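Coordinates from work-v1.pdb are shown below (PDB, C-alpha atoms).
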ATOM      1  CA  GLY A   1       4.677 -25.988  -6.593
ATOM      2  CA  ILE A   2       7.564 -25.510  -4.151
ATOM      3  CA  LEU A   3       8.300 -22.419  -2.065
ATOM      4  CA  VAL A   4      11.949 -21.806  -1.169
ATOM      5  CA  VAL A   5      12.713 -19.279   1.569
ATOM      6  CA  GLY A   6      16.259 -18.063   1.975
ATOM      7  CA  PRO A   7      18.863 -17.010   2.251
ATOM      8  CA  ARG A   8      18.300 -14.341   4.880
ATOM      9  CA  THR A   9      19.433 -11.072   3.301
ATOM     10  CA  GLY A  10      19.034  -8.848   6.351
ATOM     11  CA  VAL A  11      17.110  -8.417   9.572
ATOM     12  CA  ASP A  12      13.628  -9.901   8.962
ATOM     13  CA  ARG A  13      14.433  -9.932   5.233
ATOM     14  CA  PHE A  14      14.260 -13.147   3.204
ATOM     15  CA  LYS A  15      14.603 -14.187  -0.418
ATOM     16  CA  LEU A  16      11.464 -15.970  -1.658
ATOM     17  CA  GLN A  17      11.411 -18.187  -4.760
ATOM     18  CA  ILE A  18       8.456 -20.189  -6.064
ATOM     19  CA  PHE A  19       8.927 -23.086  -8.488
ATOM     20  CA  ASN A  20       6.372 -24.800 -10.709
ATOM     21  CA  PRO A  21       6.173 -28.632 -10.879
ATOM     22  CA  ASP A  22       8.218 -28.545 -14.110
ATOM     23  CA  GLY A  23      11.072 -26.762 -12.327
ATOM     24  CA  SER A  24      10.489 -23.325 -13.823
ATOM     25  CA  GLU A  25      10.336 -20.334 -11.490
ATOM     26  CA  ALA A  26       6.808 -19.074 -10.918
ATOM     27  CA  GLU A  27       5.457 -15.627 -10.288
ATOM     28  CA  MET A  28       4.758 -14.690  -6.695
ATOM     29  CA  CYS A  29       1.707 -16.380  -5.142
ATOM     30  CA  GLY A  30      -0.363 -14.375  -2.649
ATOM     31  CA  ASN A  31      -1.459 -17.397  -0.605
ATOM     32  CA  GLY A  32       2.063 -18.787  -0.611
ATOM     33  CA  ALA A  33       3.598 -15.518   0.550
ATOM     34  CA  ARG A  34       0.990 -15.271   3.310
ATOM     35  CA  MET A  35       1.805 -18.816   4.469
ATOM     36  CA  VAL A  36       5.544 -18.041   4.490
ATOM     37  CA  ALA A  37       5.080 -14.874   6.547
ATOM     38  CA  ARG A  38       2.863 -16.684   9.055
ATOM     39  CA  LYS A  39       5.345 -19.582   9.317
ATOM     40  CA  LEU A  40       8.229 -17.188   9.991
ATOM     41  CA  GLN A  41       6.166 -15.600  12.757
ATOM     42  CA  MET A  42       5.237 -18.966  14.315
ATOM     43  CA  GLU A  43       8.818 -20.263  14.219
ATOM     44  CA  GLY A  44      10.135 -17.174  16.000
ATOM     45  CA  LEU A  45      12.414 -16.248  13.091
ATOM     46  CA  LEU A  46      11.398 -12.597  13.090
ATOM     47  CA  GLU A  47      13.045 -10.094  15.372
ATOM     48  CA  SER A  48      10.180  -7.617  14.982
ATOM     49  CA  ASP A  49       6.674  -7.366  13.529
ATOM     50  CA  THR A  50       8.165  -6.654  10.101
ATOM     51  CA  VAL A  51       8.841  -9.129   7.320
ATOM     52  CA  VAL A  52      10.356  -8.272   3.932
ATOM     53  CA  LEU A  53      10.045 -10.843   1.146
ATOM     54  CA  GLU A  54      12.243 -10.138  -1.863
ATOM     55  CA  THR A  55      10.943 -11.484  -5.168
ATOM     56  CA  GLY A  56      12.096 -11.404  -8.752
ATOM     57  CA  ALA A  57      10.505 -10.000 -11.884
ATOM     58  CA  GLY A  58       7.073 -10.988 -13.156
ATOM     59  CA  GLU A  59       3.681 -10.610 -11.532
ATOM     60  CA  ASN A  60       3.840 -10.652  -7.727
ATOM     61  CA  LYS A  61       0.593 -11.033  -5.764
ATOM     62  CA  LEU A  62       0.166 -10.673  -2.010
ATOM     63  CA  ASP A  63      -3.178 -11.211  -0.255
ATOM     64  CA  LEU A  64      -3.023  -9.826   3.299
ATOM     65  CA  THR A  65      -6.495 -11.080   4.211
ATOM     66  CA  GLY A  66      -6.243 -13.042   7.468
ATOM     67  CA  LEU A  67      -2.575 -12.164   8.057
ATOM     68  CA  ASN A  68      -1.859 -10.030  11.121
ATOM     69  CA  VAL A  69       0.912  -7.666   9.967
ATOM     70  CA  ARG A  70       2.135  -4.798  12.133
ATOM     71  CA  ARG A  71       4.619  -3.360   9.646
ATOM     72  CA  LEU A  72       4.982  -4.173   5.961
ATOM     73  CA  VAL A  73       7.748  -3.132   3.553
ATOM     74  CA  LEU A  74       7.368  -3.581  -0.216
ATOM     75  CA  GLN A  75      10.278  -2.953  -2.559
ATOM     76  CA  GLN A  76       9.502  -3.404  -6.237
ATOM     77  CA  GLY A  77      12.072  -3.856  -8.961
ATOM     78  CA  ALA A  78      10.810  -4.754 -12.410
ATOM     79  CA  GLY A  79       7.497  -6.466 -12.981
ATOM     80  CA  GLU A  80       4.067  -6.010 -11.419
ATOM     81  CA  VAL A  81       3.029  -6.016  -7.759
ATOM     82  CA  LYS A  82      -0.566  -6.488  -6.574
ATOM     83  CA  LEU A  83      -1.453  -6.288  -2.882
ATOM     84  CA  TRP A  84      -4.894  -6.387  -1.338
ATOM     85  CA  ALA A  85      -6.859  -6.974   1.881
ATOM     86  CA  ASP A  86     -10.515  -8.024   2.028
ATOM     87  CA  SER A  87     -11.038  -7.911   5.794
ATOM     88  CA  PRO A  88      -9.524  -5.904   8.678
ATOM     89  CA  GLN A  89      -6.797  -7.277  10.913
ATOM     90  CA  ALA A  90      -7.373  -8.190  14.551
ATOM     91  CA  ASP A  91      -4.558  -5.823  15.573
ATOM     92  CA  PRO A  92      -3.922  -2.454  13.914
ATOM     93  CA  CYS A  93      -1.343  -2.306  11.133
ATOM     94  CA  GLN A  94       1.199   0.288  12.214
ATOM     95  CA  SER A  95       2.859   1.118   8.912
ATOM     96  CA  LEU A  96       3.121   0.303   5.222
ATOM     97  CA  GLU A  97       6.232   1.344   3.304
ATOM     98  CA  ALA A  98       6.253   0.817  -0.444
ATOM     99  CA  SER A  99       8.681   1.780  -3.196
ATOM    100  CA  SER A 100       7.603   1.258  -6.795
ATOM    101  CA  GLY A 101      10.152   0.484  -9.471
ATOM    102  CA  VAL A 102       9.856   0.158 -13.222
ATOM    103  CA  GLY A 103       6.585  -1.766 -13.482
ATOM    104  CA  GLU A 104       3.073  -1.335 -12.139
ATOM    105  CA  MET A 105       2.082  -1.466  -8.475
ATOM    106  CA  GLN A 106      -1.484  -1.866  -7.211
ATOM    107  CA  LEU A 107      -2.308  -1.511  -3.502
ATOM    108  CA  ARG A 108      -6.002  -2.211  -2.865
ATOM    109  CA  GLY A 109      -8.173  -2.290   0.239
ATOM    110  CA  LEU A 110      -6.027   0.293   2.033
ATOM    111  CA  SER A 111      -8.983   1.628   4.062
ATOM    112  CA  ILE A 112      -9.645  -1.937   5.237
ATOM    113  CA  LEU A 113      -6.009  -2.641   6.117
ATOM    114  CA  ALA A 114      -5.870   0.928   7.514
ATOM    115  CA  PRO A 115      -2.162   1.339   8.320
ATOM    116  CA  GLU A 116      -1.589   4.170  10.753
ATOM    117  CA  GLU A 117       1.244   5.417   8.524
ATOM    118  CA  ILE A 118       1.723   4.934   4.773
ATOM    119  CA  ASP A 119       4.980   5.971   3.110
ATOM    120  CA  PHE A 120       4.963   5.541  -0.668
ATOM    121  CA  LYS A 121       7.786   6.393  -3.070
ATOM    122  CA  GLY A 122       6.874   6.470  -6.741
ATOM    123  CA  GLY A 123       9.106   5.141  -9.488
ATOM    124  CA  ILE A 124       9.008   5.118 -13.269
ATOM    125  CA  GLY A 125       5.805   3.160 -13.825
ATOM    126  CA  HIS A 126       2.166   3.534 -12.774
ATOM    127  CA  ALA A 127       0.950   3.043  -9.214
ATOM    128  CA  LEU A 128      -2.605   2.707  -7.927
ATOM    129  CA  LEU A 129      -3.403   3.332  -4.260
ATOM    130  CA  ASP A 130      -6.986   2.194  -3.808
ATOM    131  CA  PHE A 131      -8.604   3.214  -0.515
ATOM    132  CA  THR A 132     -12.073   1.916  -1.391
ATOM    133  CA  GLY A 133     -13.685  -0.335   1.196
ATOM    134  CA  GLU A 134     -15.036   0.248   4.683
ATOM    135  CA  GLY A 135     -12.644   0.750   7.581
ATOM    136  CA  THR A 136     -12.729   2.544  10.918
ATOM    137  CA  ARG A 137      -9.156   3.604  11.719
ATOM    138  CA  ASN A 138      -7.809   6.970  10.615
ATOM    139  CA  MET A 139      -4.661   7.045   8.459
ATOM    140  CA  ARG A 140      -1.755   9.297   7.506
ATOM    141  CA  ALA A 141      -0.024   8.895   4.158
ATOM    142  CA  HIS A 142       2.959  10.546   2.476
ATOM    143  CA  LEU A 143       3.382  10.054  -1.266
ATOM    144  CA  ALA A 144       6.538  11.057  -3.111
ATOM    145  CA  VAL A 145       5.903  11.329  -6.845
ATOM    146  CA  GLY A 146       8.726   9.971  -9.011
ATOM    147  CA  ILE A 147       8.905  10.021 -12.789
ATOM    148  CA  GLY A 148       5.760   7.957 -13.263
ATOM    149  CA  GLN A 149       2.111   8.412 -12.343
ATOM    150  CA  ILE A 150       0.336   7.838  -9.019
ATOM    151  CA  GLU A 151      -3.432   7.357  -8.952
ATOM    152  CA  VAL A 152      -5.277   7.611  -5.618
ATOM    153  CA  LEU A 153      -8.825   6.237  -5.544
ATOM    154  CA  LEU A 154     -11.055   7.173  -2.588
ATOM    155  CA  PRO A 155     -14.414   5.963  -1.245
ATOM    156  CA  ARG A 156     -17.111   8.574  -0.631
ATOM    157  CA  ARG A 157     -17.218   7.762   3.088
ATOM    158  CA  LEU A 158     -13.548   8.720   3.585
ATOM    159  CA  GLY A 159     -12.766  12.272   4.666
ATOM    160  CA  VAL A 160      -9.515  13.572   3.174
ATOM    161  CA  ARG A 161      -7.222  16.494   3.866
ATOM    162  CA  LEU A 162      -4.514  16.819   1.215
ATOM    163  CA  ASP A 163      -1.376  18.939   1.468
ATOM    164  CA  VAL A 164       0.732  19.359  -1.680
ATOM    165  CA  GLU A 165       4.452  19.941  -1.223
ATOM    166  CA  GLY A 166       5.868  21.671  -4.286
ATOM    167  CA  ASN A 167       4.183  22.648  -7.525
ATOM    168  CA  THR A 168       0.453  21.877  -7.553
ATOM    169  CA  SER A 169       0.339  21.734 -11.363
ATOM    170  CA  GLY A 170       1.435  18.084 -11.293
ATOM    171  CA  VAL A 171      -1.400  17.064  -8.950
ATOM    172  CA  HIS A 172      -4.929  16.696 -10.299
ATOM    173  CA  VAL A 173      -7.681  16.852  -7.659
ATOM    174  CA  SER A 174     -11.384  16.456  -8.380
ATOM    175  CA  GLY A 175     -12.515  20.077  -7.900
ATOM    176  CA  GLN A 176     -16.163  19.474  -7.034
ATOM    177  CA  ASP A 177     -15.254  17.204  -4.103
ATOM    178  CA  PHE A 178     -12.651  19.409  -2.366
ATOM    179  CA  ARG A 179     -12.235  22.940  -1.033
ATOM    180  CA  LYS A 180      -8.832  24.466  -1.803
ATOM    181  CA  VAL A 181      -6.980  26.976   0.372
ATOM    182  CA  GLY A 182      -3.410  27.558  -0.768
ATOM    183  CA  ASN A 183      -1.808  24.133  -1.259
ATOM    184  CA  THR A 184      -4.325  22.387   1.014
ATOM    185  CA  TYR A 185      -7.412  20.529  -0.230
ATOM    186  CA  THR A 186     -10.145  19.419   2.198
ATOM    187  CA  SER A 187     -12.987  17.103   1.174
ATOM    188  CA  ASN A 188     -16.452  18.618   1.494
ATOM    189  CA  LYS A 189     -17.651  16.154   4.162
ATOM    190  CA  TYR A 190     -14.370  15.853   6.052
ATOM    191  CA  ALA A 191     -15.770  16.837   9.467
ATOM    192  CA  ASP A 192     -18.610  14.281   9.323
ATOM    193  CA  SER A 193     -16.675  11.364   7.839
ATOM    194  CA  PRO A 194     -16.471   8.069   9.812
ATOM    195  CA  GLN A 195     -12.872   7.543   8.656
ATOM    196  CA  ARG A 196     -10.232  10.122   7.741
ATOM    197  CA  LEU A 197      -7.042  10.280   5.723
ATOM    198  CA  GLU A 198      -4.349  12.919   6.186
ATOM    199  CA  LEU A 199      -2.533  12.855   2.841
ATOM    200  CA  THR A 200       0.672  14.625   1.816
ATOM    201  CA  VAL A 201       1.903  14.560  -1.783
ATOM    202  CA  ALA A 202       5.446  15.692  -2.655
ATOM    203  CA  THR A 203       5.511  16.487  -6.360
ATOM    204  CA  GLY A 204       8.168  15.244  -8.781
ATOM    205  CA  LEU A 205       8.626  14.929 -12.540
ATOM    206  CA  GLY A 206       5.584  12.676 -12.812
ATOM    207  CA  GLY A 207       2.014  13.353 -11.795
ATOM    208  CA  ALA A 208      -0.606  12.371  -9.259
ATOM    209  CA  SER A 209      -4.374  12.063  -9.544
ATOM    210  CA  ILE A 210      -6.651  12.078  -6.468
ATOM    211  CA  ARG A 211     -10.337  11.338  -7.003
ATOM    212  CA  TYR A 212     -13.375   9.732  -5.440
ATOM    213  CA  ALA A 213     -14.750   6.526  -6.937
ATOM    214  CA  ASP A 214     -18.051   6.945  -8.768
TER     215      ASP A 214
END
Rewrite the structure from the file as structure tokens, please.
Amino acid sequence: GILVVGPRTGVDRFKLQIFNPDGSEAEMCGNGARMVARKLQMEGLLESDTVVLETGAGENKLDLTGLNVRRLVLQQGAGEVKLWADSPQADPCQSLEASSGVGEMQLRGLSILAPEEIDFKGGIGHALLDFTGEGTRNMRAHLAVGIGQIEVLLPRRLGVRLDVEGNTSGVHVSGQDFRKVGNTYTSNKYADSPQRLELTVATGLGGASIRYAD
């Protein structure tokens, strides 16, 4: 296939199109997107450590394994977005900003990528934030619930302190794994955990589910 980058739509923001050999436009390829981001870095075309790749509808996949990203911005329209990381970066990832749209968004390996700051805005569809995996850096995350549903999946080794902004009725937290005081939930082994997550959830019309993986 052929990857076409351009035109530039803003600072460190590029339009990415992928075409099949028959000329039809393909869904986003994780390896291809990783190659494009690395090439932009090597060619000195980025003014910062941030790159935004705008894609169309369909299934969009982005594998961050082996790509040193300081700041990542994901903006979903229609379609499905899948992002994952299988190994930690050499340098810490400073921030991940993601906005889900109409379709489904899956962000996996977040404990491995371990952004210092995560800012997630929910949309109409379903979003999965999967923190399973072994990492070492502590994280802070703010989730704004939209109309849809947000599911947060946690590994047992991760200590979590959750603050709910707004009505707690829209947030389901596994009761046996957390202690609740007011609108704050603290995991039972928070103090002894090798990695910690400070999580804030702002409630909306949709709902959020926070649970540990079995």
At most 12 Å is the cut-off: for each residue in range 55-103 of chain A with any atom that close to an atom of range 149-165 of chain A, write down the nearest atom pair and the distance in Å rounded to one decimal, counting all atoms listed in the file, chain first then increasing number, as CSV.
residue,atom,partner,partner_atom,distance
A:Ser99,CA,A:Ile150,CA,11.8
A:Ser100,CA,A:Ile150,CA,10.1
A:Gly101,CA,A:Gln149,CA,11.7
A:Val102,CA,A:Gln149,CA,11.4
A:Gly103,CA,A:Gln149,CA,11.2
Using the file's own x, y and z axes, so that the box edges lie along x, y and z, what centre and edge lengths in Å (one decimal) does a box around every listed atom of range 76-94 of chain A get when 5 Å is added on each side? Give it as lines of an AutoDock Vina configuration file.
center_x = 0.5
center_y = -4.0
center_z = 1.3
size_x = 33.1
size_y = 18.5
size_z = 38.6
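Atom pair CA of Leu205 in chain A / CA of Thr168 in chain A has a distance of 11.8 Å (rounded to one decimal).
Between CA of Arg70 in chain A and CA of Ile118 in chain A the separation is 12.2 Å.
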On this file, the PyMOL selection byres ((chain A and resi 172) around 6) gives some set of residues; write that set as an mmCIF file with C-alpha atoms, in the coordinates of the input.
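File written: out29.cif
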data_model
loop_
_atom_site.group_PDB
_atom_site.id
_atom_site.type_symbol
_atom_site.label_atom_id
_atom_site.label_comp_id
_atom_site.auth_asym_id
_atom_site.auth_seq_id
_atom_site.Cartn_x
_atom_site.Cartn_y
_atom_site.Cartn_z
ATOM 1 C CA VAL A 171 -1.400 17.064 -8.950
ATOM 2 C CA VAL A 173 -7.681 16.852 -7.659
ATOM 3 C CA SER A 209 -4.374 12.063 -9.544
#
Straight-line distance linking CA of Ser111 in chain A with CA of Gly125 in chain A, stated in Å to one decimal: 23.3 Å
Please write as a PDB file with C-alpha atoms, keeping the file's coordinate frame the full residue list that the PyMOL selection byres ((chain A and resi 146) around 12) yields on this file.
ATOM      1  CA  SER A  99       8.681   1.780  -3.196  1.00  0.00           C
ATOM      2  CA  SER A 100       7.603   1.258  -6.795  1.00  0.00           C
ATOM      3  CA  GLY A 101      10.152   0.484  -9.471  1.00  0.00           C
ATOM      4  CA  VAL A 102       9.856   0.158 -13.222  1.00  0.00           C
ATOM      5  CA  PHE A 120       4.963   5.541  -0.668  1.00  0.00           C
ATOM      6  CA  LYS A 121       7.786   6.393  -3.070  1.00  0.00           C
ATOM      7  CA  GLY A 122       6.874   6.470  -6.741  1.00  0.00           C
ATOM      8  CA  GLY A 123       9.106   5.141  -9.488  1.00  0.00           C
ATOM      9  CA  ILE A 124       9.008   5.118 -13.269  1.00  0.00           C
ATOM     10  CA  GLY A 125       5.805   3.160 -13.825  1.00  0.00           C
ATOM     11  CA  HIS A 126       2.166   3.534 -12.774  1.00  0.00           C
ATOM     12  CA  ALA A 127       0.950   3.043  -9.214  1.00  0.00           C
ATOM     13  CA  LEU A 143       3.382  10.054  -1.266  1.00  0.00           C
ATOM     14  CA  ALA A 144       6.538  11.057  -3.111  1.00  0.00           C
ATOM     15  CA  VAL A 145       5.903  11.329  -6.845  1.00  0.00           C
ATOM     16  CA  ILE A 147       8.905  10.021 -12.789  1.00  0.00           C
ATOM     17  CA  GLY A 148       5.760   7.957 -13.263  1.00  0.00           C
ATOM     18  CA  GLN A 149       2.111   8.412 -12.343  1.00  0.00           C
ATOM     19  CA  ILE A 150       0.336   7.838  -9.019  1.00  0.00           C
ATOM     20  CA  GLY A 170       1.435  18.084 -11.293  1.00  0.00           C
ATOM     21  CA  VAL A 201       1.903  14.560  -1.783  1.00  0.00           C
ATOM     22  CA  ALA A 202       5.446  15.692  -2.655  1.00  0.00           C
ATOM     23  CA  THR A 203       5.511  16.487  -6.360  1.00  0.00           C
ATOM     24  CA  GLY A 204       8.168  15.244  -8.781  1.00  0.00           C
ATOM     25  CA  LEU A 205       8.626  14.929 -12.540  1.00  0.00           C
ATOM     26  CA  GLY A 206       5.584  12.676 -12.812  1.00  0.00           C
ATOM     27  CA  GLY A 207       2.014  13.353 -11.795  1.00  0.00           C
ATOM     28  CA  ALA A 208      -0.606  12.371  -9.259  1.00  0.00           C
TER      29      ALA A 208
END
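Candidate residues A:Val73, A:Arg137, A:Phe131, A:Thr65 were compared for distance to Pro92 in chain A, and the nearest is A:Arg137, using only C-alpha atoms.
Proximity of A:Asn188, A:Gln195, A:Asn183, A:Asn167 to Ala114 in chain A, computed with all atoms listed in the file, is greatest for A:Gln195.
Each of A:Val69, A:Val181, A:Met139, A:Ile210 was checked against Ala85 in chain A using all atoms listed in the file; the smallest atom-to-atom distance is that of A:Val69.
Look at Pro115 in chain A: the protein and nucleic acid residues within 6 Å of it, using all atoms listed in the file and passing over chain neighbours fewer than 3 places away, are Cys93, Gln94 and Ser95 of chain A.
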Pick from A:Ser187, A:Ser87, A:Thr200, A:Gln176, whichever lies nearest to Glu134 in chain A using all atoms listed in the file: A:Ser87
Nearest-residue call for Arg211 in chain A, choices A:Asp192, A:Asp177, A:Glu198, A:Asp86, using only C-alpha atoms: A:Asp177
Could you give me range 94-105 of chain A completed to N, CA and C atoms, formatted as a PDB file, in the frame of the given file?
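That gives us selection_8.pdb:
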ATOM      1  N   GLN A  94       0.541  -0.962  11.841  1.00  0.00           N
ATOM      2  CA  GLN A  94       1.199   0.288  12.214  1.00  0.00           C
ATOM      3  C   GLN A  94       1.703   1.065  11.010  1.00  0.00           C
ATOM      4  N   SER A  95       2.303   0.367  10.044  1.00  0.00           N
ATOM      5  CA  SER A  95       2.859   1.118   8.912  1.00  0.00           C
ATOM      6  C   SER A  95       2.985   0.251   7.676  1.00  0.00           C
ATOM      7  N   LEU A  96       2.889   0.912   6.527  1.00  0.00           N
ATOM      8  CA  LEU A  96       3.121   0.303   5.222  1.00  0.00           C
ATOM      9  C   LEU A  96       4.086   1.195   4.470  1.00  0.00           C
ATOM     10  N   GLU A  97       5.245   0.628   4.097  1.00  0.00           N
ATOM     11  CA  GLU A  97       6.232   1.344   3.304  1.00  0.00           C
ATOM     12  C   GLU A  97       6.348   0.648   1.958  1.00  0.00           C
ATOM     13  N   ALA A  98       6.202   1.401   0.890  1.00  0.00           N
ATOM     14  CA  ALA A  98       6.253   0.817  -0.444  1.00  0.00           C
ATOM     15  C   ALA A  98       7.048   1.711  -1.378  1.00  0.00           C
ATOM     16  N   SER A  99       7.891   1.075  -2.184  1.00  0.00           N
ATOM     17  CA  SER A  99       8.681   1.780  -3.196  1.00  0.00           C
ATOM     18  C   SER A  99       8.427   1.104  -4.532  1.00  0.00           C
ATOM     19  N   SER A 100       7.868   1.838  -5.484  1.00  0.00           N
ATOM     20  CA  SER A 100       7.603   1.258  -6.795  1.00  0.00           C
ATOM     21  C   SER A 100       8.819   1.415  -7.687  1.00  0.00           C
ATOM     22  N   GLY A 101       8.988   0.480  -8.591  1.00  0.00           N
ATOM     23  CA  GLY A 101      10.152   0.484  -9.471  1.00  0.00           C
ATOM     24  C   GLY A 101       9.777   0.836 -10.894  1.00  0.00           C
ATOM     25  N   VAL A 102      10.080  -0.091 -11.798  1.00  0.00           N
ATOM     26  CA  VAL A 102       9.856   0.158 -13.222  1.00  0.00           C
ATOM     27  C   VAL A 102       8.449  -0.219 -13.639  1.00  0.00           C
ATOM     28  N   GLY A 103       7.875  -1.259 -13.046  1.00  0.00           N
ATOM     29  CA  GLY A 103       6.585  -1.766 -13.482  1.00  0.00           C
ATOM     30  C   GLY A 103       5.410  -1.099 -12.806  1.00  0.00           C
ATOM     31  N   GLU A 104       4.315  -1.842 -12.711  1.00  0.00           N
ATOM     32  CA  GLU A 104       3.073  -1.335 -12.139  1.00  0.00           C
ATOM     33  C   GLU A 104       2.892  -1.891 -10.737  1.00  0.00           C
ATOM     34  N   MET A 105       2.382  -1.047  -9.837  1.00  0.00           N
ATOM     35  CA  MET A 105       2.082  -1.466  -8.475  1.00  0.00           C
ATOM     36  C   MET A 105       0.640  -1.107  -8.158  1.00  0.00           C
TER      37      MET A 105
END
